[in-house]
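Take a look at the structure set out below.
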Number of protein chains: 2
Amino acid sequence: MKISTKGRYALRLMLDLALNNTGEPVRIKEISARQEISEKYLEQIISTLNKAGYVKSVRGPQGGYRLAKEPEQYTVGMILRLTEGSLAPVACMEDEVNACGRQASCVTLRLWKMLDDAISGVVDKVTLADLVDWQSEMMDNYVI
Amino acid sequence: MKISTKGRYALRLMLDLALNNTGEPVRIKEISARQEISEKYLEQIISTLNKAGYVKSVRGPQGGYRLAKEPEQYTVGMILRLTEGSLAPVACMEDEVNACGRQASCVTLRLWKMLDDAISGVVDKVTLADLVDWQSEMMDNYVI
DNA sequence: CATATATCCTATTAAATCACTAGGCTTTAT
DNA sequence: ATAAAGCCTAGTGATTTAATAGGATATATG
């Protein structure tokens, strides 16, 4: 019942891009240094985000990545589901077609639906822009 | 981000005991047949529940297991946390002492706390007695 | 007391997943 | 032409998962 490093790193990566959303592309090397995550692993993760159209890449020198849309447009759920695969607490809830034979008589299915709703209620509501806001709130506190 | 089979089986096991809560001990063999889970695996899972005092065992012929308390006394969270270890969505939230160095400046921590609260809000509210009720509701629907 | 029936306990294992690392290929600004 | 970036695929060690296996121990019943 854990969010994997892949999902967490993807979130930090997107947040890093949002915080450095100047128009200039951001290099993997910079993100790697700031977030203390290996360049190679970041490369792999950002490739998923790129293929999904969540970020735009610029190749060659002075290249890098930038967000494809505004931070408000990305929910945490979008990012985590893309990189984690699914946030459903049990496999039988993943697809439209539920293959489990016990389904009709499955009491716990109701429980899993409640859990799934609770999880979705959080991740589909919080956006990247919220994370950016929270970040600046924290910075404010440090100033005193 | 999944509940493992161990946790799901533990829940079905406890529900099976609750539905057969006659005072007579219930044998693993019966649970295994009803739930279609191997006896050996059930043995292992119920051993955890037994050590935690969630069930009481009777050894020897005519032996088996029964609930130590009433179904209302068990939340789904108790059972899942015991068998799964923890339901926290990230490792850095598990212990009282949080070892992560980024903690102070960690924006996502706030998100994980929201997620953790949402999950706990469900599993700490639903009891074994609720599952029993839901089960009988379903049975009613089948009668028509 | 003997026996069958149950729980109890520890070890092993095949498969899958996770969290990376490695190395070369392609594009493009200078 | 060159160097700096992203792009792509494969490999790998460690850990976890989901069991199986096999015997030890307790006890109700005849």
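Every chain in the structure tokens takes a letter, A first, then B, and so on in the order presented; its residues are numbered from 1, and the ligands are numbered from 1 following the presented order.
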Within 12 Å of Lys2 of chain B, counting only C-alpha atoms (C1' of nucleotides), which residues qualify if same-chain residues fewer than 6 places away don't, as a VMD selection string? (chain A and resid 1 to 4 84 to 94 112 115 to 116 119) or (chain B and resid 8 80 84 86 to 89) or (chain D and resid 17)
Compile the contact shell of Arg27 of chain B as a list in words: residues with an atom at most 8 Å away, counting only C-alpha atoms (C1' of nucleotides), same-chain residues fewer than 4 positions apart removed. Ile31, Gln62, Gly63, Gly64 and Tyr65 of chain B; DA6 of chain C
Give as number ranges by chain every residue of chain C that touches chain B within 8 Å, counting only C-alpha atoms (C1' of nucleotides). C: 4-7
Please build the interface table for chain D against chain B with a cut-off of 9 Å, listing for each qualifying residue the nearest atom pair and the distance in Å to one decimal; count only C-alpha atoms (C1' of nucleotides), order rows by chain and increasing number, and write it as JSON lines.
```
{"residue": "D:DT17", "atom": "C1'", "partner": "B:Ser4", "partner_atom": "CA", "distance": 8.2}
{"residue": "D:DA18", "atom": "C1'", "partner": "B:Thr5", "partner_atom": "CA", "distance": 7.8}
{"residue": "D:DA19", "atom": "C1'", "partner": "B:Tyr41", "partner_atom": "CA", "distance": 6.7}
{"residue": "D:DT20", "atom": "C1'", "partner": "B:Lys40", "partner_atom": "CA", "distance": 7.7}
{"residue": "D:DA26", "atom": "C1'", "partner": "B:Gly60", "partner_atom": "CA", "distance": 5.9}
{"residue": "D:DT27", "atom": "C1'", "partner": "B:Gly60", "partner_atom": "CA", "distance": 4.5}
{"residue": "D:DA28", "atom": "C1'", "partner": "B:Pro61", "partner_atom": "CA", "distance": 5.6}
{"residue": "D:DT29", "atom": "C1'", "partner": "B:Pro61", "partner_atom": "CA", "distance": 8.6}
```
Identify, on the basis of only C-alpha atoms (C1' of nucleotides), every residue whose closest approach to DA10 of chain D does not exceed 12 Å; exclude the query and any residue fewer than 2 positions from it along the same chain; express the result as a ChimeraX atom specification. /C:21-24 /D:8,12
